file entry_17.cif (mmCIF, C-alpha atoms)
data_input
loop_
_atom_site.group_PDB
_atom_site.id
_atom_site.type_symbol
_atom_site.label_atom_id
_atom_site.label_comp_id
_atom_site.auth_asym_id
_atom_site.auth_seq_id
_atom_site.Cartn_x
_atom_site.Cartn_y
_atom_site.Cartn_z
ATOM 1 C CA MET A 1 -182.269 47.380 -49.621
ATOM 2 C CA THR A 2 -181.203 44.323 -47.631
ATOM 3 C CA PHE A 3 -181.538 44.085 -43.852
ATOM 4 C CA HIS A 4 -180.725 41.203 -41.526
ATOM 5 C CA THR A 5 -180.635 40.852 -37.770
ATOM 6 C CA HIS A 6 -177.809 38.382 -37.168
ATOM 7 C CA ASP A 7 -175.151 41.101 -36.631
ATOM 8 C CA LEU A 8 -177.213 42.800 -33.915
ATOM 9 C CA PRO A 9 -177.310 41.986 -30.188
ATOM 10 C CA ALA A 10 -180.130 39.541 -29.462
ATOM 11 C CA ARG A 11 -182.128 42.133 -27.467
ATOM 12 C CA ASP A 12 -182.101 44.581 -30.406
ATOM 13 C CA ARG A 13 -183.056 42.182 -33.184
ATOM 14 C CA PHE A 14 -186.826 42.258 -32.950
ATOM 15 C CA PRO A 15 -187.186 46.031 -32.282
ATOM 16 C CA CYS A 16 -184.935 46.818 -35.250
ATOM 17 C CA TRP A 17 -186.790 44.382 -37.470
ATOM 18 C CA PHE A 18 -190.113 45.886 -36.426
ATOM 19 C CA GLU A 19 -188.875 49.401 -37.247
ATOM 20 C CA MET A 20 -187.419 48.453 -40.631
ATOM 21 C CA ALA A 21 -190.359 46.266 -41.663
ATOM 22 C CA THR A 22 -192.995 48.871 -40.846
ATOM 23 C CA GLN A 23 -191.029 51.572 -42.651
ATOM 24 C CA ALA A 24 -190.685 49.429 -45.762
ATOM 25 C CA HIS A 25 -194.288 48.200 -45.736
ATOM 26 C CA VAL A 26 -197.597 49.431 -44.330
ATOM 27 C CA ARG A 27 -197.770 50.158 -40.612
ATOM 28 C CA ALA A 28 -198.921 47.265 -38.447
ATOM 29 C CA TRP A 29 -198.460 45.756 -35.017
ATOM 30 C CA VAL A 30 -196.028 42.833 -35.155
ATOM 31 C CA ARG A 31 -195.459 40.134 -32.542
ATOM 32 C CA SER A 32 -193.431 36.935 -32.415
ATOM 33 C CA GLU A 33 -192.824 34.031 -30.082
ATOM 34 C CA HIS A 34 -189.102 34.610 -30.685
ATOM 35 C CA GLU A 35 -188.775 38.288 -29.795
ATOM 36 C CA ASN A 36 -185.933 37.608 -27.348
ATOM 37 C CA ASP A 37 -183.703 36.392 -30.190
ATOM 38 C CA PHE A 38 -185.334 37.180 -33.526
ATOM 39 C CA ALA A 39 -183.500 35.902 -36.603
ATOM 40 C CA ALA A 40 -184.772 37.537 -39.797
ATOM 41 C CA THR A 41 -183.766 38.933 -43.173
ATOM 42 C CA MET A 42 -185.561 41.316 -45.500
ATOM 43 C CA ARG A 43 -184.735 42.291 -49.069
ATOM 44 C CA VAL A 44 -186.823 45.099 -50.575
ATOM 45 C CA LEU A 45 -186.849 46.115 -54.231
ATOM 46 C CA GLN A 46 -188.600 49.399 -55.050
ATOM 47 C CA LEU A 47 -189.854 49.737 -58.632
ATOM 48 C CA GLY A 48 -191.656 53.059 -58.615
ATOM 49 C CA GLU A 49 -195.069 52.425 -57.058
ATOM 50 C CA VAL A 50 -194.467 48.667 -57.093
ATOM 51 C CA GLN A 51 -192.520 47.075 -54.255
ATOM 52 C CA VAL A 52 -191.298 43.481 -54.074
ATOM 53 C CA SER A 53 -189.946 42.024 -50.836
ATOM 54 C CA LEU A 54 -188.377 38.718 -49.870
ATOM 55 C CA LEU A 55 -188.809 38.090 -46.147
ATOM 56 C CA SER A 56 -187.388 35.375 -43.930
ATOM 57 C CA TYR A 57 -188.229 35.219 -40.235
ATOM 58 C CA LEU A 58 -189.329 33.048 -37.346
ATOM 59 C CA SER A 59 -193.017 32.824 -36.456
ATOM 60 C CA LEU A 60 -194.848 36.128 -36.786
ATOM 61 C CA GLN A 61 -198.244 37.703 -36.118
ATOM 62 C CA VAL A 62 -199.149 40.925 -37.924
ATOM 63 C CA THR A 63 -202.198 43.065 -37.122
ATOM 64 C CA ARG A 64 -203.363 46.172 -38.972
ATOM 65 C CA THR A 65 -205.905 48.027 -36.855
ATOM 66 C CA PRO A 66 -208.529 50.671 -37.742
ATOM 67 C CA ARG A 67 -206.446 53.247 -35.874
ATOM 68 C CA LEU A 68 -203.346 52.509 -37.949
ATOM 69 C CA ILE A 69 -205.420 52.719 -41.116
ATOM 70 C CA ARG A 70 -206.782 56.140 -40.111
ATOM 71 C CA GLU A 71 -203.258 57.356 -39.380
ATOM 72 C CA ASN A 72 -201.730 56.086 -42.618
ATOM 73 C CA ASP A 73 -203.356 54.304 -45.539
ATOM 74 C CA PRO A 74 -201.418 54.229 -48.833
ATOM 75 C CA GLU A 75 -204.442 52.547 -50.496
ATOM 76 C CA MET A 76 -202.459 49.636 -51.855
ATOM 77 C CA TYR A 77 -203.056 45.959 -52.553
ATOM 78 C CA LEU A 78 -200.732 43.187 -51.423
ATOM 79 C CA LEU A 79 -200.044 39.721 -52.791
ATOM 80 C CA ASN A 80 -198.210 37.670 -50.174
ATOM 81 C CA LEU A 81 -196.719 34.418 -51.487
ATOM 82 C CA ASN A 82 -196.207 31.804 -48.803
ATOM 83 C CA LEU A 83 -192.993 30.006 -49.820
ATOM 84 C CA ASN A 84 -192.978 27.412 -47.054
ATOM 85 C CA GLY A 85 -194.836 26.382 -43.939
ATOM 86 C CA ALA A 86 -198.324 27.685 -43.229
ATOM 87 C CA ALA A 87 -199.957 31.109 -43.135
ATOM 88 C CA GLY A 88 -203.294 32.526 -42.099
ATOM 89 C CA LEU A 89 -205.221 35.720 -42.797
ATOM 90 C CA THR A 90 -208.363 37.255 -41.340
ATOM 91 C CA TYR A 91 -209.718 40.097 -43.464
ATOM 92 C CA ARG A 92 -213.181 41.639 -43.889
ATOM 93 C CA GLY A 93 -214.858 38.919 -41.866
ATOM 94 C CA ARG A 94 -213.211 35.977 -43.655
ATOM 95 C CA SER A 95 -210.406 33.760 -42.370
ATOM 96 C CA THR A 96 -208.239 31.590 -44.617
ATOM 97 C CA VAL A 97 -205.242 29.296 -44.110
ATOM 98 C CA TYR A 98 -202.700 29.246 -46.939
ATOM 99 C CA ARG A 99 -200.404 26.420 -47.974
ATOM 100 C CA ALA A 100 -196.915 26.787 -49.391
ATOM 101 C CA GLY A 101 -197.140 28.014 -52.962
ATOM 102 C CA GLU A 102 -200.290 30.104 -52.499
ATOM 103 C CA PHE A 103 -200.761 33.867 -52.674
ATOM 104 C CA ALA A 104 -202.844 35.707 -50.083
ATOM 105 C CA PHE A 105 -204.479 38.796 -51.576
ATOM 106 C CA TYR A 106 -205.737 41.729 -49.487
ATOM 107 C CA GLY A 107 -205.674 45.518 -49.191
ATOM 108 C CA THR A 108 -204.294 48.108 -46.813
ATOM 109 C CA SER A 109 -207.600 49.968 -46.329
ATOM 110 C CA HIS A 110 -209.309 47.386 -44.097
ATOM 111 C CA PRO A 111 -208.227 45.810 -40.806
ATOM 112 C CA SER A 112 -206.359 42.534 -41.119
ATOM 113 C CA ARG A 113 -204.673 39.950 -38.961
ATOM 114 C CA GLY A 114 -202.146 37.485 -40.311
ATOM 115 C CA TRP A 115 -199.768 34.864 -38.991
ATOM 116 C CA ARG A 116 -196.864 32.824 -40.350
ATOM 117 C CA SER A 117 -195.162 29.710 -39.044
ATOM 118 C CA SER A 118 -192.935 26.967 -40.356
ATOM 119 C CA GLN A 119 -191.539 23.695 -39.100
ATOM 120 C CA GLU A 120 -188.348 24.587 -40.939
ATOM 121 C CA GLU A 121 -185.709 26.981 -39.644
ATOM 122 C CA SER A 122 -187.575 30.056 -40.840
ATOM 123 C CA ALA A 123 -190.718 31.037 -42.704
ATOM 124 C CA ARG A 124 -190.179 32.707 -46.079
ATOM 125 C CA SER A 125 -192.530 34.992 -47.998
ATOM 126 C CA LEU A 126 -192.496 36.997 -51.214
ATOM 127 C CA VAL A 127 -194.645 40.120 -51.045
ATOM 128 C CA VAL A 128 -195.611 42.439 -53.881
ATOM 129 C CA GLN A 129 -197.284 45.736 -52.964
ATOM 130 C CA PHE A 130 -198.950 47.784 -55.719
ATOM 131 C CA PRO A 131 -201.549 50.541 -56.293
ATOM 132 C CA ARG A 132 -205.245 49.723 -56.166
ATOM 133 C CA ALA A 133 -205.816 51.106 -59.674
ATOM 134 C CA LEU A 134 -205.254 48.231 -62.120
ATOM 135 C CA PRO A 135 -206.033 48.960 -65.790
ATOM 136 C CA GLY A 136 -209.263 47.320 -66.904
ATOM 137 C CA LEU A 137 -210.070 45.807 -63.494
ATOM 138 C CA PRO A 138 -212.580 47.693 -61.303
ATOM 139 C CA ALA A 139 -211.600 47.722 -57.631
ATOM 140 C CA ALA A 140 -215.015 46.390 -56.627
ATOM 141 C CA ASP A 141 -214.420 43.259 -58.704
ATOM 142 C CA VAL A 142 -210.843 42.811 -57.547
ATOM 143 C CA ASP A 143 -211.894 43.090 -53.893
ATOM 144 C CA ARG A 144 -213.894 39.873 -54.299
ATOM 145 C CA LEU A 145 -210.614 37.965 -54.427
ATOM 146 C CA ALA A 146 -209.556 39.070 -50.933
ATOM 147 C CA THR A 147 -208.565 35.994 -48.860
ATOM 148 C CA VAL A 148 -209.085 33.662 -51.865
ATOM 149 C CA PRO A 149 -205.936 31.472 -52.137
ATOM 150 C CA ILE A 150 -204.237 31.982 -55.508
ATOM 151 C CA CYS A 151 -202.046 29.022 -56.444
ATOM 152 C CA THR A 152 -198.686 29.249 -58.203
ATOM 153 C CA TRP A 153 -198.386 25.659 -59.372
ATOM 154 C CA ARG A 154 -199.586 26.284 -62.907
ATOM 155 C CA GLY A 155 -200.822 28.914 -65.335
ATOM 156 C CA ILE A 156 -200.342 32.636 -64.939
ATOM 157 C CA GLY A 157 -199.869 32.315 -61.155
ATOM 158 C CA ALA A 158 -196.749 30.232 -61.770
ATOM 159 C CA VAL A 159 -195.442 32.841 -64.228
ATOM 160 C CA LEU A 160 -195.996 35.643 -61.705
ATOM 161 C CA ALA A 161 -194.274 33.741 -58.883
ATOM 162 C CA ALA A 162 -191.257 32.950 -61.076
ATOM 163 C CA HIS A 163 -191.087 36.579 -62.196
ATOM 164 C CA LEU A 164 -191.109 37.900 -58.617
ATOM 165 C CA SER A 165 -188.431 35.431 -57.510
ATOM 166 C CA GLN A 166 -186.181 36.444 -60.395
ATOM 167 C CA LEU A 167 -186.778 40.141 -59.681
ATOM 168 C CA VAL A 168 -185.430 39.839 -56.150
ATOM 169 C CA LYS A 169 -182.581 37.544 -57.182
ATOM 170 C CA ASP A 170 -181.270 39.997 -59.796
ATOM 171 C CA ALA A 171 -182.131 43.213 -57.909
ATOM 172 C CA ASP A 172 -178.562 44.511 -57.652
ATOM 173 C CA GLY A 173 -178.104 44.734 -61.408
ATOM 174 C CA TYR A 174 -181.055 46.921 -62.416
ATOM 175 C CA THR A 175 -180.768 50.405 -63.879
ATOM 176 C CA GLU A 176 -183.466 53.076 -63.484
ATOM 177 C CA ALA A 177 -184.728 52.265 -66.979
ATOM 178 C CA ASP A 178 -184.876 48.571 -66.049
ATOM 179 C CA GLU A 179 -186.865 49.367 -62.917
ATOM 180 C CA ALA A 180 -189.512 51.327 -64.826
ATOM 181 C CA ALA A 181 -189.939 48.549 -67.385
ATOM 182 C CA LEU A 182 -190.023 45.852 -64.695
ATOM 183 C CA ALA A 183 -192.680 47.745 -62.754
ATOM 184 C CA ASP A 184 -194.908 47.736 -65.854
ATOM 185 C CA VAL A 185 -194.334 44.029 -66.504
ATOM 186 C CA THR A 186 -195.002 43.197 -62.849
ATOM 187 C CA LEU A 187 -198.293 45.105 -62.847
ATOM 188 C CA ASP A 188 -199.296 43.409 -66.099
ATOM 189 C CA LEU A 189 -198.668 39.964 -64.601
ATOM 190 C CA VAL A 190 -200.469 40.867 -61.371
ATOM 191 C CA ALA A 191 -203.467 42.181 -63.327
ATOM 192 C CA ALA A 192 -203.540 39.047 -65.488
ATOM 193 C CA THR A 193 -203.356 36.766 -62.445
ATOM 194 C CA LEU A 194 -206.259 38.538 -60.768
ATOM 195 C CA ALA A 195 -208.240 38.746 -64.027
ATOM 196 C CA HIS A 196 -207.790 35.004 -64.536
ATOM 197 C CA HIS A 197 -209.372 34.288 -61.161
ATOM 198 C CA LEU A 198 -212.170 36.740 -61.945
ATOM 199 C CA ASN A 199 -212.763 35.202 -65.404
ATOM 200 C CA ALA A 200 -212.148 38.701 -66.753
ATOM 201 C CA LEU A 201 -209.127 38.329 -69.034
ATOM 202 C CA ASP A 202 -210.984 40.171 -71.802
ATOM 203 C CA ALA A 203 -211.014 43.280 -69.578
ATOM 204 C CA LEU A 204 -207.223 43.620 -69.804
ATOM 205 C CA THR A 205 -205.758 46.128 -72.212
ATOM 206 C CA PRO A 206 -204.235 44.778 -75.461
ATOM 207 C CA GLU A 207 -200.762 45.854 -74.294
ATOM 208 C CA THR A 208 -201.174 44.015 -70.994
ATOM 209 C CA ARG A 209 -202.296 40.865 -72.818
ATOM 210 C CA ARG A 210 -199.284 41.109 -75.137
ATOM 211 C CA GLN A 211 -196.820 41.562 -72.271
ATOM 212 C CA VAL A 212 -198.344 38.687 -70.336
ATOM 213 C CA LEU A 213 -198.154 36.416 -73.377
ATOM 214 C CA LEU A 214 -194.460 37.259 -73.759
ATOM 215 C CA ARG A 215 -193.786 36.447 -70.105
ATOM 216 C CA ARG A 216 -195.686 33.167 -70.441
ATOM 217 C CA ILE A 217 -193.525 32.309 -73.435
ATOM 218 C CA ASP A 218 -190.342 33.242 -71.543
ATOM 219 C CA HIS A 219 -191.454 31.006 -68.668
ATOM 220 C CA PHE A 220 -192.245 28.181 -71.093
ATOM 221 C CA ILE A 221 -188.765 28.437 -72.636
ATOM 222 C CA GLU A 222 -187.042 28.478 -69.227
ATOM 223 C CA ARG A 223 -188.811 25.303 -68.120
ATOM 224 C CA ARG A 224 -188.052 23.408 -71.338
ATOM 225 C CA LEU A 225 -184.445 24.310 -72.107
ATOM 226 C CA ALA A 226 -183.373 20.705 -71.567
ATOM 227 C CA ASP A 227 -185.688 19.496 -74.334
ATOM 228 C CA PRO A 228 -183.655 19.259 -77.562
ATOM 229 C CA ASP A 229 -186.884 19.530 -79.561
ATOM 230 C CA LEU A 230 -187.718 22.973 -78.163
ATOM 231 C CA SER A 231 -188.161 25.267 -81.154
ATOM 232 C CA PRO A 232 -190.148 28.332 -82.270
ATOM 233 C CA GLU A 233 -192.683 25.965 -83.869
ATOM 234 C CA VAL A 234 -193.193 24.099 -80.582
ATOM 235 C CA ILE A 235 -193.541 27.383 -78.648
ATOM 236 C CA ALA A 236 -196.090 28.809 -81.090
ATOM 237 C CA ALA A 237 -198.179 25.651 -81.023
ATOM 238 C CA ALA A 238 -198.136 25.477 -77.211
ATOM 239 C CA HIS A 239 -199.490 29.030 -76.992
ATOM 240 C CA HIS A 240 -202.025 28.685 -79.806
ATOM 241 C CA ILE A 241 -200.492 31.428 -81.930
ATOM 242 C CA SER A 242 -198.991 31.417 -85.407
ATOM 243 C CA LEU A 243 -195.248 31.162 -85.913
ATOM 244 C CA ARG A 244 -195.354 34.510 -87.695
ATOM 245 C CA TYR A 245 -197.038 36.210 -84.716
ATOM 246 C CA LEU A 246 -194.491 34.675 -82.335
ATOM 247 C CA HIS A 247 -191.642 36.201 -84.319
ATOM 248 C CA ARG A 248 -193.471 39.544 -84.436
ATOM 249 C CA LEU A 249 -193.793 39.541 -80.629
ATOM 250 C CA PHE A 250 -190.058 39.081 -80.187
ATOM 251 C CA GLN A 251 -189.252 41.599 -82.887
ATOM 252 C CA ALA A 252 -191.465 44.228 -81.247
ATOM 253 C CA ARG A 253 -189.700 43.653 -77.928
ATOM 254 C CA GLY A 254 -186.439 44.663 -79.610
ATOM 255 C CA GLY A 255 -184.304 41.862 -78.220
ATOM 256 C CA PRO A 256 -182.950 38.598 -79.645
ATOM 257 C CA THR A 257 -185.004 36.374 -81.928
ATOM 258 C CA VAL A 258 -186.823 33.365 -80.508
ATOM 259 C CA GLY A 259 -184.077 30.989 -81.612
ATOM 260 C CA ALA A 260 -181.373 33.240 -80.200
ATOM 261 C CA CYS A 261 -183.190 33.428 -76.836
ATOM 262 C CA ILE A 262 -183.266 29.636 -76.602
ATOM 263 C CA ARG A 263 -179.607 29.320 -77.613
ATOM 264 C CA GLU A 264 -178.367 32.053 -75.249
ATOM 265 C CA ALA A 265 -180.314 30.654 -72.291
ATOM 266 C CA ARG A 266 -178.950 27.142 -72.919
ATOM 267 C CA LEU A 267 -175.383 28.401 -73.202
ATOM 268 C CA GLU A 268 -175.715 30.335 -69.961
ATOM 269 C CA ARG A 269 -176.945 27.206 -68.141
ATOM 270 C CA CYS A 270 -173.979 25.268 -69.532
ATOM 271 C CA ARG A 271 -171.591 28.015 -68.453
ATOM 272 C CA ARG A 272 -172.971 27.880 -64.914
ATOM 273 C CA ASP A 273 -172.613 24.100 -64.825
ATOM 274 C CA LEU A 274 -168.977 24.380 -65.886
ATOM 275 C CA THR A 275 -168.290 26.498 -62.792
ATOM 276 C CA ASP A 276 -170.125 24.107 -60.450
ATOM 277 C CA LEU A 277 -167.560 22.017 -58.560
ATOM 278 C CA ARG A 278 -170.211 19.397 -57.857
ATOM 279 C CA LEU A 279 -170.336 18.722 -61.613
ATOM 280 C CA GLY A 280 -166.568 18.741 -62.080
ATOM 281 C CA SER A 281 -166.433 15.089 -63.107
ATOM 282 C CA LEU A 282 -169.336 15.332 -65.549
ATOM 283 C CA PRO A 283 -168.106 15.085 -69.165
ATOM 284 C CA LEU A 284 -168.613 18.126 -71.374
ATOM 285 C CA HIS A 285 -170.986 16.357 -73.738
ATOM 286 C CA MET A 286 -173.240 15.433 -70.794
ATOM 287 C CA ILE A 287 -173.337 19.036 -69.595
ATOM 288 C CA ALA A 288 -174.302 20.061 -73.114
ATOM 289 C CA ALA A 289 -177.005 17.376 -73.234
ATOM 290 C CA ARG A 290 -178.418 18.559 -69.898
ATOM 291 C CA TRP A 291 -179.464 21.747 -71.691
ATOM 292 C CA GLY A 292 -180.640 20.462 -75.039
ATOM 293 C CA PHE A 293 -177.389 20.395 -77.076
ATOM 294 C CA THR A 294 -177.178 16.997 -78.771
ATOM 295 C CA ASP A 295 -174.142 17.699 -80.974
ATOM 296 C CA ARG A 296 -170.933 18.198 -78.971
ATOM 297 C CA THR A 297 -169.070 19.866 -81.849
ATOM 298 C CA HIS A 298 -171.917 22.294 -82.470
ATOM 299 C CA PHE A 299 -172.103 23.066 -78.760
ATOM 300 C CA SER A 300 -168.359 23.753 -78.544
ATOM 301 C CA ARG A 301 -168.507 26.080 -81.543
ATOM 302 C CA LEU A 302 -171.439 28.027 -80.091
ATOM 303 C CA PHE A 303 -169.799 28.233 -76.655
ATOM 304 C CA ARG A 304 -166.527 29.545 -78.090
ATOM 305 C CA SER A 305 -168.419 32.123 -80.151
ATOM 306 C CA ALA A 306 -170.320 33.330 -77.063
ATOM 307 C CA TYR A 307 -167.529 33.293 -74.444
ATOM 308 C CA GLY A 308 -164.298 33.406 -76.436
ATOM 309 C CA VAL A 309 -162.914 30.063 -75.210
ATOM 310 C CA SER A 310 -163.812 26.399 -75.517
ATOM 311 C CA PRO A 311 -165.979 24.761 -72.813
ATOM 312 C CA GLY A 312 -163.000 22.695 -71.620
ATOM 313 C CA ASP A 313 -160.712 25.712 -71.329
ATOM 314 C CA TYR A 314 -163.433 27.688 -69.567
ATOM 315 C CA ARG A 315 -163.865 24.945 -66.962
ATOM 316 C CA HIS A 316 -160.098 24.593 -66.487
ATOM 317 C CA THR A 317 -159.560 28.336 -66.102
ATOM 318 C CA TRP A 318 -162.412 28.646 -63.599
ATOM 319 C CA ASN A 319 -161.228 25.698 -61.508
ATOM 320 C CA SER A 320 -157.643 26.956 -61.543
ATOM 321 C CA SER A 321 -158.649 30.448 -60.400
ATOM 322 C CA GLY A 322 -160.875 28.999 -57.662
#

call {"tool": "encode", "arguments": {"input": "entry_17.cif", "output": "structure tokens"}}
result
Amino acid sequence: MTFHTHDLPARDRFPCWFEMATQAHVRAWVRSEHENDFAATMRVLQLGEVQVSLLSYLSLQVTRTPRLIRENDPEMYLLNLNLNGAAGLTYRGRSTVYRAGEFAFYGTSHPSRGWRSSQEESARSLVVQFPRALPGLPAADVDRLATVPICTWRGIGAVLAAHLSQLVKDADGYTEADEAALADVTLDLVAATLAHHLNALDALTPETRRQVLLRRIDHFIERRLADPDLSPEVIAAAHHISLRYLHRLFQARGGPTVGACIREARLERCRRDLTDLRLGSLPLHMIAARWGFTDRTHFSRLFRSAYGVSPGDYRHTWNSSG
């Protein structure tokens, strides 16, 4: 579901946003300094009991009161990623200010008060809402992380943030089977992120640890596609596993091999670059080199095999049709 206010009359924008936002998330009182002309967008992806939302709005204050909790408490946790500007949260007697790139973690069963602001045009947040029951992690332990900033600059937090961003970006293409699988992966990454901050990774189930390792490897590959030396051996060494176990992980997932994943991801990046008018004057061999292909002939052969035409013809056809 995608909702935006810019097509509405100015007087209706904030009331409509309030109605849609409280229906999609937990009930709360919402105020803004810009209620007379409230510009906002909201994209919500429902994956079973897991919900991921991308929100963009002007300054906002959100309060969840004891009365609202008594009237409706879904008993969920929330991870709210502050994408820009500043954010604050008061929850269970603690107040914390969050920088861009930090998750705020809290629950729906206790009163809370939060605010968001940004010096930019709008404040943006990614929110994941999920059940309190996380396999292997007692709620009493997890609750200790409430209001503790969780960074996304490195480690499993970075993997989770990248995963959530990609989920929302590709939301229109998911099938029901995809949504069920993505809900499981999302919960595994959430559990691993919280367990990391609790020093309780050993409490995770073996399946959760395996799924998280695969997502860490996927993230590692994505960030290093431009490195021509990226290989299964490099990936295995970086994750302190044997090459044989790495291949077993990919085989059990049922998709392409490790080498094929690297090759397909590189080719897709090259294909996108060939459709980018800003790169129209960049020679083909430089586009190939941007994504780790050092041999132009080899790159052309792989591209033709994947897309049915040469890189040059693909670029020409795209530019002509545009």

call {"tool": "resolve_selection", "arguments": {"input": "entry_17.cif", "expression": "the PyMOL selection byres ((chain A and resi 10-17) around 10)", "output": "list of chain:residue names"}}
result
A:Phe3, A:His4, A:Thr5, A:His6, A:Asp7, A:Leu8, A:Pro9, A:Phe18, A:Glu19, A:Met20, A:Ala21, A:Thr22, A:Gln23, A:Val30, A:Arg31, A:Ser32, A:His34, A:Glu35, A:Asn36, A:Asp37, A:Phe38, A:Ala39, A:Ala40, A:Thr41, A:Met42, A:Tyr57

call {"tool": "write_last_selection", "arguments": {"input": "entry_17.cif", "atoms": "C-alpha atoms", "output": "PDB file, keeping the file's coordinate frame"}}
result
ATOM      1  CA  PHE A   3    -181.538  44.085 -43.852  1.00  0.00           C
ATOM      2  CA  HIS A   4    -180.725  41.203 -41.526  1.00  0.00           C
ATOM      3  CA  THR A   5    -180.635  40.852 -37.770  1.00  0.00           C
ATOM      4  CA  HIS A   6    -177.809  38.382 -37.168  1.00  0.00           C
ATOM      5  CA  ASP A   7    -175.151  41.101 -36.631  1.00  0.00           C
ATOM      6  CA  LEU A   8    -177.213  42.800 -33.915  1.00  0.00           C
ATOM      7  CA  PRO A   9    -177.310  41.986 -30.188  1.00  0.00           C
ATOM      8  CA  PHE A  18    -190.113  45.886 -36.426  1.00  0.00           C
ATOM      9  CA  GLU A  19    -188.875  49.401 -37.247  1.00  0.00           C
ATOM     10  CA  MET A  20    -187.419  48.453 -40.631  1.00  0.00           C
ATOM     11  CA  ALA A  21    -190.359  46.266 -41.663  1.00  0.00           C
ATOM     12  CA  THR A  22    -192.995  48.871 -40.846  1.00  0.00           C
ATOM     13  CA  GLN A  23    -191.029  51.572 -42.651  1.00  0.00           C
ATOM     14  CA  VAL A  30    -196.028  42.833 -35.155  1.00  0.00           C
ATOM     15  CA  ARG A  31    -195.459  40.134 -32.542  1.00  0.00           C
ATOM     16  CA  SER A  32    -193.431  36.935 -32.415  1.00  0.00           C
ATOM     17  CA  HIS A  34    -189.102  34.610 -30.685  1.00  0.00           C
ATOM     18  CA  GLU A  35    -188.775  38.288 -29.795  1.00  0.00           C
ATOM     19  CA  ASN A  36    -185.933  37.608 -27.348  1.00  0.00           C
ATOM     20  CA  ASP A  37    -183.703  36.392 -30.190  1.00  0.00           C
ATOM     21  CA  PHE A  38    -185.334  37.180 -33.526  1.00  0.00           C
ATOM     22  CA  ALA A  39    -183.500  35.902 -36.603  1.00  0.00           C
ATOM     23  CA  ALA A  40    -184.772  37.537 -39.797  1.00  0.00           C
ATOM     24  CA  THR A  41    -183.766  38.933 -43.173  1.00  0.00           C
ATOM     25  CA  MET A  42    -185.561  41.316 -45.500  1.00  0.00           C
ATOM     26  CA  TYR A  57    -188.229  35.219 -40.235  1.00  0.00           C
TER      27      TYR A  57
END

call {"tool": "residues_around", "arguments": {"input": "entry_17.cif", "residues": "region 86-102 of chain A", "least_positions_apart": "2", "cutoff": "10 Å", "atoms": "all atoms listed in the file", "output": "PyMOL selection string"}}
result
chain A and resi 59-64+79-84+104-107+110-119+123-125+146-153+157-158+161

call {"tool": "resolve_selection", "arguments": {"input": "entry_17.cif", "expression": "the PyMOL selection byres ((chain A and resi 300) around 9)", "output": "mmCIF file with C-alpha atoms, in the frame of the given file"}}
result
data_model
loop_
_atom_site.group_PDB
_atom_site.id
_atom_site.type_symbol
_atom_site.label_atom_id
_atom_site.label_comp_id
_atom_site.auth_asym_id
_atom_site.auth_seq_id
_atom_site.Cartn_x
_atom_site.Cartn_y
_atom_site.Cartn_z
ATOM 1 C CA ALA A 288 -174.302 20.061 -73.114
ATOM 2 C CA ASP A 295 -174.142 17.699 -80.974
ATOM 3 C CA ARG A 296 -170.933 18.198 -78.971
ATOM 4 C CA THR A 297 -169.070 19.866 -81.849
ATOM 5 C CA HIS A 298 -171.917 22.294 -82.470
ATOM 6 C CA PHE A 299 -172.103 23.066 -78.760
ATOM 7 C CA ARG A 301 -168.507 26.080 -81.543
ATOM 8 C CA LEU A 302 -171.439 28.027 -80.091
ATOM 9 C CA PHE A 303 -169.799 28.233 -76.655
ATOM 10 C CA ARG A 304 -166.527 29.545 -78.090
ATOM 11 C CA SER A 305 -168.419 32.123 -80.151
ATOM 12 C CA VAL A 309 -162.914 30.063 -75.210
ATOM 13 C CA SER A 310 -163.812 26.399 -75.517
ATOM 14 C CA PRO A 311 -165.979 24.761 -72.813
ATOM 15 C CA GLY A 312 -163.000 22.695 -71.620
#

call {"tool": "atom_distance", "arguments": {"input": "entry_17.cif", "atom1": "CA of Glu176 (chain A)", "atom2": "CA of Arg215 (chain A)"}}
result
20.7 Å

call {"tool": "atom_distance", "arguments": {"input": "entry_17.cif", "atom1": "CA of Gln211 (chain A)", "atom2": "CA of Phe103 (chain A)"}}
result
21.4 Å

call {"tool": "residues_near_point", "arguments": {"input": "entry_17.cif", "point": "(-181.9, 40.2, -57.4)", "cutoff": "12 Å", "atoms": "all atoms listed in the file", "output": "PDB file with C-alpha atoms, in the coordinates of the input"}}
result
ATOM      1  CA  MET A   1    -182.269  47.380 -49.621  1.00  0.00           C
ATOM      2  CA  THR A   2    -181.203  44.323 -47.631  1.00  0.00           C
ATOM      3  CA  ARG A  43    -184.735  42.291 -49.069  1.00  0.00           C
ATOM      4  CA  VAL A  44    -186.823  45.099 -50.575  1.00  0.00           C
ATOM      5  CA  LEU A  45    -186.849  46.115 -54.231  1.00  0.00           C
ATOM      6  CA  GLN A  46    -188.600  49.399 -55.050  1.00  0.00           C
ATOM      7  CA  VAL A  52    -191.298  43.481 -54.074  1.00  0.00           C
ATOM      8  CA  SER A  53    -189.946  42.024 -50.836  1.00  0.00           C
ATOM      9  CA  LEU A  54    -188.377  38.718 -49.870  1.00  0.00           C
ATOM     10  CA  HIS A 163    -191.087  36.579 -62.196  1.00  0.00           C
ATOM     11  CA  LEU A 164    -191.109  37.900 -58.617  1.00  0.00           C
ATOM     12  CA  SER A 165    -188.431  35.431 -57.510  1.00  0.00           C
ATOM     13  CA  GLN A 166    -186.181  36.444 -60.395  1.00  0.00           C
ATOM     14  CA  LEU A 167    -186.778  40.141 -59.681  1.00  0.00           C
ATOM     15  CA  VAL A 168    -185.430  39.839 -56.150  1.00  0.00           C
ATOM     16  CA  LYS A 169    -182.581  37.544 -57.182  1.00  0.00           C
ATOM     17  CA  ASP A 170    -181.270  39.997 -59.796  1.00  0.00           C
ATOM     18  CA  ALA A 171    -182.131  43.213 -57.909  1.00  0.00           C
ATOM     19  CA  ASP A 172    -178.562  44.511 -57.652  1.00  0.00           C
ATOM     20  CA  GLY A 173    -178.104  44.734 -61.408  1.00  0.00           C
ATOM     21  CA  TYR A 174    -181.055  46.921 -62.416  1.00  0.00           C
ATOM     22  CA  GLU A 179    -186.865  49.367 -62.917  1.00  0.00           C
TER      23      GLU A 179
END
